[in-house]
Amino acid sequence: MPNTKRKRINRLRFIINVFVKHGFGYIFSSTPLVKFKRFSDSKINRGQRLKNALEELGTTFIKMGQLLANRPDLVPEDIIAELKNLQENVKSFSFDEAKRILIRNGIFDKFEYIEKDPIATASIGQVHIGYIDGKKVAVKIRRPNVDNEVKTDIDILKRISAILDKYSPVKNIVSFSDIVNEVANVLLKEIDFRFEQNNIKKLRKTLSTKEVIIPDVYDELCSEEVLVTSFVEARTLGNIDVEKIPLVKRVKLGKKLVNLYLSQIFELGVFHADPHPGNILITDNHEIAFVDFGMVGYLTKQERENLSNLLLGIVLNDKKRSLKAFKDLGIIQKDIDANKFYNDIESIVNHYINQPISSIKVADVFNDVFKLTFKYKLKIPQQFVLFGRTLSLLENDIALLKIDLNILEAVLPYVNRLVFKNRLSKLSIANLFNIFSSYFSLLEFLPKKTETILEKLEEDELTVNIEIKNIDKILHQMERLANKVSLSVILLSVSIIIAGMTVGGLLSPALYKTILSAWYLWTLRLGILILIVLIIFMLVMIIRKEK
């Protein structure tokens with residue numbers, strides 16, 4: 001057996017045994033993987049057990065847990081609560097190993113000096129301070145052999161997920177392949193520093209007019225396993241003492257940070273998608289800087305409008321707008337119970353409509369939407385996930401500043417402006433020309449068809465077929481209505497005559513002293529008699545028709 005294959009088998013055995021040890025043996029109980037280990041149980045809740053297992057398995061699985069902590073559409077809520085506590089307990093690798101990597105890439109001699117102790121350490125790599133031409137730079141070096149470890153683990157996970165999706169007793173609840181594919185998509189890019197290099201350059205160009213500091217990239221020194229950027233002298237948002245910053249300046253800083261992100265998302269369509277407190281830097285002059293560009297979101301013009309419509313629909317209790325936004329985002333699929341799904345959407349909308357906007361958290365809105373997609377096993381586009389995650393993290397950043405600033409209140413002007421702008425854009429000269437062209441085509445077509453219809457009318461060849469369903473029932477109802485109308489008209493007419501005669505007599509007491517008085521009374525009596533006969537006659541006719 002080749003050595004590589006043996007290593008994969010041993011790694012597979014270790015992965016399964018770790019999951020079994022932490023009480024997840026039942027997942028493998030109906031699969032061919034059952035042969036690797038007998039199963040055990042644990043009384044700790046499943047979220048904590050999964051967190052412990054991922055930490056024991058190392059880089060790939062820790063990253064997987066961190067990514068899944070932001071995917072309520074793929075993972076149940078109780079597990080997410082524990083995954084958010086997942087920590088990277090990794091030690092730094094030696095400077096000798098870091099030096100070998102720099103030499104292998106032919107750039108070690110480009111630095112005047114590199115500090116031996118890293119200033120930041122993570123599962124993918126670590127950052128050292130270096131100097132080039134007297135300038136301080138940040139040197140990010142990938143952990144030795146981490147690329148092979150990640151690729152091997154992903155390959156194994158894909159094989160395991162295929163088996164679990166076919167045999168596992170929980171296959172109808174969780175799509176293991178979807179989870180692995182999501183993780184692989186992000187993680188394979190994160191271990192290749194060239195993706196981050198390109199992200200930095202794109203954001204520097206896109207945000208060149210904004211008040212934000214983005215490090216410059218030393219392209220000639222960058223590679224798949226080394227990233228060199230200018231160094232930003234600042235402290236992370238998580239490490240600054242906000243109490244020492246006056247409230248007025250904190251409010252100004254918070255508004256600046258929020259508007260910076262909202263303009264990226266809704267105006268530019270390119271945004272830094274990992275704004276946790278360690279990646280937001282604040283200078284002594286209260287300027288904002290971004291670091292760590294492993295995750296960058298991209299939204300097309302149409303995607304931005306769809307997301308805007310979704311937020312507006314939920315906040316404004318516009319069910320029609322919300323449902324259309326879900327469809328336009330590609331979240332609603334044909335095989336779901338549409339009525340049930342729509343009712344759940346309406347429940348979300350109704351939940352927020354009675355709350356003031358200032359009390360609504362963006363994170364809660366997106367979590368409710370994500371939980372709904374998990375319930376119906378719907379697929380959420382990656383960019384939509386990044387959008388929700390970014391706003392949620394931004395909300396946490398604002399909370400650290402200890403100021404009263406609601407993200408959703410800040411979002412609404414942007415989404416309203418975006419929707420209005422997109423509507424106006426559809427009234428462009430090109431679109432108007434297309435509309436007029438359609439009408440001109442209609443005008444060219446209409447006379448010919450009209451002439452044909454007129455010729456048929458003239459020759460008595462035009463026939464119109466009209467089919468009315470339930471005609472007998474309709475006629476019967478019309479006949480009943482006609483009877484009632486007839487009776488009402490007769491009664492009204494005779495009543496008016498009798499009333500007129502009665503009033504006339506009351507108004508002319510002298511009438512009774514004349515020879516006409518007897519005639520008047522007999523006429524009044526005869527009118528009442530005729531009225532009674534007509535009523536009886538019409539009632540008999542109506543009863544006979546009803547039968």
# chains A, B, ... in the order shown; residues from 1 in each chain; ligands from 1
call {"tool": "select_by_dssp", "arguments": {"residues": "stretch 69-226 of chain A", "states": "strand (DSSP E)", "output": "short mmCIF file (atom, residue, chain, number, x, y, z; two decimals) with C-alpha atoms, in the first residue's frame"}}
result
data_model
loop_
_atom_site.label_atom_id
_atom_site.label_comp_id
_atom_site.auth_asym_id
_atom_site.auth_seq_id
_atom_site.Cartn_x
_atom_site.Cartn_y
_atom_site.Cartn_z
CA TYR A 113 15.39 42.88 9.46
CA ILE A 114 12.57 40.58 10.64
CA ALA A 120 -0.28 37.40 15.71
CA THR A 121 -0.76 33.65 15.43
CA GLY A 125 -0.29 31.31 9.56
CA GLN A 126 1.37 33.95 11.69
CA VAL A 127 2.48 37.57 11.25
CA HIS A 128 5.96 38.97 11.85
CA ILE A 129 7.14 42.58 11.72
CA GLY A 130 9.78 43.27 9.05
CA TYR A 131 11.61 46.29 7.67
CA ILE A 132 12.18 47.30 4.05
CA LYS A 135 9.69 51.13 6.60
CA LYS A 136 7.83 48.73 8.86
CA VAL A 137 5.93 45.97 7.06
CA ALA A 138 3.69 43.07 8.06
CA VAL A 139 4.95 39.66 6.90
CA LYS A 140 2.26 36.97 6.96
CA ILE A 141 3.72 33.45 6.62
CA ARG A 142 1.69 30.32 6.09
CA VAL A 226 3.74 34.68 1.97
#
call {"tool": "closest_residue", "arguments": {"among": "A:Ile107, A:Leu391, A:Ile265, A:Ala53", "to": "A:Thr206", "atoms": "only C-alpha atoms"}}
result
A:Ile265
call {"tool": "residues_around", "arguments": {"residues": "A:Ile179", "least_positions_apart": "2", "cutoff": "9 Å", "atoms": "only C-alpha atoms", "output": "list of chain:residue names"}}
result
A:Met64, A:Leu68, A:Leu74, A:Val75, A:Ser161, A:Val174, A:Ser175, A:Phe176, A:Ser177, A:Asn181, A:Glu182, A:Val183, A:Ala184
call {"tool": "atom_distance", "arguments": {"atom1": "atom CA of A:Gln66", "atom2": "atom CA of A:Asn198"}}
result
23.3 Å
call {"tool": "atom_distance", "arguments": {"atom1": "atom CA of A:Glu115", "atom2": "atom CA of A:Val90"}}
result
19.6 Å
call {"tool": "residues_around", "arguments": {"residues": "A:Leu307", "least_positions_apart": "6", "cutoff": "8 Å", "atoms": "only C-alpha atoms", "output": "compact mmCIF listing (two decimals) with all heavy atoms, in the first residue's frame"}}
result
# COMPACT_ATOMS: atom_id res chain seq x y z
N ALA A 325 -38.55 39.22 -3.03
CA ALA A 325 -37.10 39.29 -2.79
C ALA A 325 -36.53 37.89 -2.58
O ALA A 325 -35.45 37.57 -3.08
CB ALA A 325 -36.81 40.18 -1.59
N LEU A 329 -33.74 36.26 -5.02
CA LEU A 329 -32.46 35.84 -4.46
C LEU A 329 -32.17 34.36 -4.76
O LEU A 329 -31.08 33.87 -4.48
CB LEU A 329 -32.42 36.07 -2.95
CG LEU A 329 -32.24 37.52 -2.50
CD1 LEU A 329 -32.57 37.66 -1.02
CD2 LEU A 329 -30.82 37.99 -2.77
N PHE A 384 -25.05 36.26 0.06
CA PHE A 384 -26.09 36.64 1.01
C PHE A 384 -25.66 36.30 2.43
O PHE A 384 -25.92 37.06 3.37
CB PHE A 384 -27.39 35.93 0.65
CG PHE A 384 -28.54 36.24 1.57
CD1 PHE A 384 -28.93 37.55 1.78
CD2 PHE A 384 -29.22 35.24 2.24
CE1 PHE A 384 -29.99 37.86 2.62
CE2 PHE A 384 -30.27 35.53 3.09
CZ PHE A 384 -30.65 36.85 3.28
